[in-house]
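Enquirer: This is the structure, below, for whatever I ask next.
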Amino acid sequence: MNATLQMIRDFGHEQVAFFNNEKAGLKCIIAIHSTKLGPAVGGCRLYPYACEEDALFDVLRLSRGMSFKNAAAGLPLGGAKGVIIAKPQDKCEALFEAYGEAVESLNGRYFTAEDVNTTTQDMDWVMHKTQQVVGRKTVSGDPSPFTAIGTFDGIRATAKFLFGTDDLHGVRIALQGLGHVGFDLAKQLAAAGADLTVSTHSNRANIDAMLALGAKEVPDSEIYTTECDILSPCALGATLNYNTIPNLKCKAVAGAANNQLLDEKCGEMLKARGILYAPDFIINGGGVINAGQEAFTKYDKENVLKQVHNIFNTVYNILDESKASGIPEGVIAQKFAEDRIKNGLK
């Protein structure tokens with residue numbers, strides 16, 4: 001069997017669609033992993049992938065993660081993701097209108113939203129061609145602050161499991177990535193009194209803002225060897241891998257990035273080293289809890305925040321179960337999500 005088709009089957013997707021619109025400059029892939037619980041929801045990531053194979057691998061992992069994320073959060077939604085192969089500087093109205101036509105062609109099976117390198121403005125352009133968009137500026141708005149709130153609560157839960165208190169004053173946290181979510185999270189951590197070290201491969205202004213709040217800076221290449229209590233990856237995925245894990249100098253990993261583990265074996269490596277892991281699709285679920293509500297009910301910010309703050313309890317319970325059973329945290333979280341997909345939201 002063709003290797004691409006085999007990879008799609010291995011991930012268990014319902015549908016993977018490739019779109020090309022040369023006039024608009026659009027090359028994209030939309031991957032629908034599951035619609036068993038409801039229409040699939042997941043953001044649109046724009047990134048200059050080196051090749052289509054890299055883009056496919058990313059969208060398959062991300063969309064499966066969205067199925068797990070939505071199910072674990074108790075949302076009646078499936079999981080999907082879109083990736084546009086382009087440079088951020090190439091963004092334009094025509095590109096996103098063409099992407100909107102691609103979303104519309106899926107007949108309501110997929111609701112898109114913003115993600116890495118896309119914004120609510122971009123989603124406004126998408127809406128010229130489809131209404132299958134959540135995280136709309138006039139309704140729930142930018143999901144990033146809610147992702148940051150949930151991640152902050154998950155870090156508090158991790159600290160409580162480590163130290164018996166969720167007070168972050170003096171807790172050493174190394175945070176990688178100061179994009180929309182990472183920067184918001186870093187400011188919350190600084191306000192909570194954390195001893196913060198930050199790095200990013202871009203956005204000098206955000207680094208300088210964090211230095212003004214008392215954070216320390218290290219090069220991006222050194223963040224994974226920084227001695228700390230909690231490492232918080234908040235950029236791209238697969239950064240916890242066979243090269244980085246042996247060199248970690250932390251007690252726990254709790255961050256907002258998607259797909260932090262390269263594969264399941266990496267979760268076992270963390271467990272063997274005694275490093276706690278707050279599963280990424282659990283701790284970073286705040287954004288989809290906020291935006292996803294648009295897809296199935298009337299938006300209610302108070303109810304959203306209640307669900308987002310419950311991430312604290314979910315993270316703590318997974319850490320506790322992992323300690324008692326010896327099973328890696330990611331395995332426990334994935335089984336929890338898979339059971340909900342299989343049996344409904346029970």
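Here's how to read the names in the structure tokens: chain A, B, ... by the order shown, residue numbers from 1 in each chain, ligand numbers from 1 in the order shown.
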Using only C-alpha atoms, tabulate the residues of stretch 147-259 of chain A lying at most 12 Å from any atom of stretch 316-329 of chain A, each with its closest atom pair and that distance in Å to one decimal, by chain and increasing residue number, as a tab-separated table.
Expert:
```
residue	atom	partner	partner_atom	distance
A:Asp153	CA	A:Tyr316	CA	10.0
A:Gly154	CA	A:Tyr316	CA	7.7
A:Ile155	CA	A:Tyr316	CA	9.6
A:Arg156	CA	A:Tyr316	CA	9.1
A:Ala157	CA	A:Tyr316	CA	5.3
A:Thr158	CA	A:Tyr316	CA	6.5
A:Ala159	CA	A:Tyr316	CA	9.4
A:Lys160	CA	A:Tyr316	CA	8.1
A:Phe161	CA	A:Tyr316	CA	6.8
A:Leu162	CA	A:Leu319	CA	9.8
A:Gly164	CA	A:Tyr316	CA	11.3
A:Thr165	CA	A:Tyr316	CA	11.8
A:Asp166	CA	A:Tyr316	CA	10.8
A:Ala252	CA	A:Leu319	CA	10.4
A:Val253	CA	A:Glu329	CA	11.0
A:Ala254	CA	A:Leu319	CA	11.3
```
Enquirer: Output the selection as an mmCIF file, in the first residue's frame - C-alpha atoms for each residue.
Expert:
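Okay, this is what ended up in out_27.cif:
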```
data_model
loop_
_atom_site.group_PDB
_atom_site.id
_atom_site.type_symbol
_atom_site.label_atom_id
_atom_site.label_comp_id
_atom_site.auth_asym_id
_atom_site.auth_seq_id
_atom_site.Cartn_x
_atom_site.Cartn_y
_atom_site.Cartn_z
ATOM 1 C CA ASP A 153 -4.449 26.189 35.945
ATOM 2 C CA GLY A 154 -2.809 22.977 34.756
ATOM 3 C CA ILE A 155 0.596 24.272 35.840
ATOM 4 C CA ARG A 156 -0.885 25.125 39.238
ATOM 5 C CA ALA A 157 -2.218 21.564 39.491
ATOM 6 C CA THR A 158 1.200 20.191 38.561
ATOM 7 C CA ALA A 159 2.868 22.373 41.195
ATOM 8 C CA LYS A 160 0.367 21.185 43.797
ATOM 9 C CA PHE A 161 1.157 17.564 42.953
ATOM 10 C CA LEU A 162 4.891 18.273 43.203
ATOM 11 C CA GLY A 164 1.604 20.154 48.021
ATOM 12 C CA THR A 165 0.535 23.709 47.138
ATOM 13 C CA ASP A 166 -0.616 25.474 43.995
ATOM 14 C CA ALA A 252 7.600 18.071 35.364
ATOM 15 C CA VAL A 253 6.458 19.147 31.901
ATOM 16 C CA ALA A 254 3.295 21.255 31.604
#
```
Enquirer: Please list as JSON, numbers by chain every residue within 8 Å of A:Val41, counting only C-alpha atoms and excluding residues in the same chain fewer than 3 positions away.
Expert: {"A": [66, 77, 78, 79, 80, 81, 110, 111, 112, 113, 292]}
Enquirer: Ranking A:Ile32, A:Leu26, A:Ala205, A:Ile85 by minimum distance to A:Leu46 and counting only C-alpha atoms, which one comes first?
Expert: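 Closest to A:Leu46 of all the choices is A:Ile85.
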Enquirer: Would you return as JSON, numbers by chain the members of stretch 26-266 of chain A that DSSP assigns to helix (DSSP H, G or I) on this structure's backbone?
Expert: {"A": [52, 53, 54, 55, 56, 57, 58, 59, 60, 61, 62, 63, 64, 65, 66, 67, 68, 69, 70, 71, 72, 88, 89, 90, 93, 94, 95, 96, 97, 98, 99, 100, 101, 102, 103, 104, 120, 121, 122, 123, 124, 125, 126, 144, 145, 146, 147, 148, 149, 150, 151, 152, 153, 154, 155, 156, 157, 158, 159, 160, 161, 162, 163, 180, 181, 182, 183, 184, 185, 186, 187, 188, 189, 190, 191, 204, 205, 206, 207, 208, 209, 210, 211, 212, 220, 221, 222, 223, 224, 225, 245, 246, 247, 264, 265, 266]}
Enquirer: What gap, in Å, lies between atom CA of A:Lys251 and atom CA of A:Ala71?
Expert: 28.2 Å
Enquirer: Please extract the residues of stretch 65-160 of chain A with a backbone DSSP assignment of strand (DSSP E) and present them as a ChimeraX atom specification.
Expert: /A:78-85,110-111
Enquirer: Produce a file of the selected residues containing C-alpha atoms, as a short mmCIF file (atom, residue, chain, number, x, y, z; two decimals), in the first residue's frame.
Expert:
```cif
data_model
loop_
_atom_site.label_atom_id
_atom_site.label_comp_id
_atom_site.auth_asym_id
_atom_site.auth_seq_id
_atom_site.Cartn_x
_atom_site.Cartn_y
_atom_site.Cartn_z
CA GLY A 78 -15.25 15.58 16.76
CA GLY A 79 -11.70 16.45 15.85
CA ALA A 80 -10.14 17.89 12.70
CA LYS A 81 -7.43 20.30 11.62
CA GLY A 82 -6.46 22.33 8.59
CA VAL A 83 -2.93 23.24 7.54
CA ILE A 84 -2.02 25.77 4.87
CA ILE A 85 1.45 25.40 3.36
CA TYR A 110 -15.65 20.61 9.76
CA PHE A 111 -15.65 23.90 11.67
#
```
Enquirer: Which of these, A:Asp142, A:Glu101, A:Asp208, A:Glu217, has the shortest distance to A:Gln121 once you count only C-alpha atoms?
Expert: A:Asp142
Enquirer: Taking 3 positions as the minimum chain separation for residues in the same chain, which residues sit within 8 Å of A:Phe152 when counting only C-alpha atoms? Answer as a list in words.
Expert: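 My list of contacting residues is Ala148, Ile149, Ile155, Arg156, Leu185, Gln188 and Leu189 of chain A.
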Enquirer: Those residues with C-alpha atoms, as a compact mmCIF listing (two decimals), in the first residue's frame please?
Expert:
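Written output follows (out-v4.txt):
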```txt
# COMPACT_ATOMS: atom_id res chain seq x y z
CA ALA A 148 -3.47 30.32 28.47
CA ILE A 149 -5.90 30.33 31.42
CA ILE A 155 0.60 24.27 35.84
CA ARG A 156 -0.89 25.12 39.24
CA LEU A 185 0.73 32.47 29.98
CA GLN A 188 0.20 35.13 34.32
CA LEU A 189 3.12 33.12 35.68
```
Enquirer: Please provide the set of residues having any atom within 12 Å of A:Asp280, restricted to only C-alpha atoms, with same-chain residues fewer than 2 positions apart removed, written as an mmCIF file with C-alpha atoms, in the first residue's frame.
Expert:
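Now in selection_21.cif:
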```
data_model
loop_
_atom_site.group_PDB
_atom_site.id
_atom_site.type_symbol
_atom_site.label_atom_id
_atom_site.label_comp_id
_atom_site.auth_asym_id
_atom_site.auth_seq_id
_atom_site.Cartn_x
_atom_site.Cartn_y
_atom_site.Cartn_z
ATOM 1 C CA LEU A 62 -3.008 17.568 15.215
ATOM 2 C CA GLY A 65 -5.254 15.332 19.062
ATOM 3 C CA MET A 66 -8.331 17.500 18.532
ATOM 4 C CA PHE A 68 -8.961 13.550 22.064
ATOM 5 C CA LYS A 69 -9.031 17.152 23.287
ATOM 6 C CA ALA A 72 -11.709 14.815 27.137
ATOM 7 C CA THR A 147 -5.868 28.330 26.278
ATOM 8 C CA GLY A 150 -6.361 26.563 31.236
ATOM 9 C CA THR A 151 -2.629 25.964 30.909
ATOM 10 C CA GLY A 154 -2.809 22.977 34.756
ATOM 11 C CA ILE A 155 0.596 24.272 35.840
ATOM 12 C CA SER A 232 6.491 24.582 29.750
ATOM 13 C CA PRO A 233 6.661 24.005 25.960
ATOM 14 C CA CYS A 234 4.371 26.525 24.266
ATOM 15 C CA ALA A 235 5.389 26.492 20.597
ATOM 16 C CA LEU A 236 5.396 23.663 18.059
ATOM 17 C CA GLY A 237 5.130 19.938 18.740
ATOM 18 C CA ALA A 238 7.439 16.907 18.939
ATOM 19 C CA LEU A 240 9.954 16.072 23.700
ATOM 20 C CA VAL A 253 6.458 19.147 31.901
ATOM 21 C CA ALA A 254 3.295 21.255 31.604
ATOM 22 C CA GLY A 255 2.810 23.492 28.583
ATOM 23 C CA ALA A 256 0.412 24.657 25.905
ATOM 24 C CA ALA A 257 2.002 23.211 22.753
ATOM 25 C CA ASN A 258 0.158 20.520 20.839
ATOM 26 C CA ASN A 259 1.709 17.068 20.314
ATOM 27 C CA GLN A 260 4.642 17.700 22.627
ATOM 28 C CA LEU A 261 5.658 14.024 22.646
ATOM 29 C CA GLY A 267 6.017 9.335 27.373
ATOM 30 C CA TYR A 277 3.798 15.064 32.282
ATOM 31 C CA ALA A 278 0.564 17.062 32.038
ATOM 32 C CA ILE A 282 -5.816 18.078 28.431
ATOM 33 C CA ILE A 283 -3.935 21.132 29.690
ATOM 34 C CA ASN A 284 -4.324 23.191 26.494
ATOM 35 C CA GLY A 285 -8.049 22.552 26.037
ATOM 36 C CA GLY A 286 -9.221 26.008 27.108
ATOM 37 C CA ILE A 311 -8.624 21.632 33.770
ATOM 38 C CA THR A 314 -8.406 16.887 35.379
ATOM 39 C CA VAL A 315 -4.638 17.389 35.273
ATOM 40 C CA ILE A 318 -4.329 12.173 35.792
ATOM 41 C CA GLU A 329 0.094 10.145 31.971
ATOM 42 C CA GLY A 330 -0.355 10.421 28.208
ATOM 43 C CA VAL A 331 -1.574 6.838 27.963
ATOM 44 C CA ALA A 333 -5.382 10.641 29.049
ATOM 45 C CA GLN A 334 -5.629 9.042 25.612
#
```
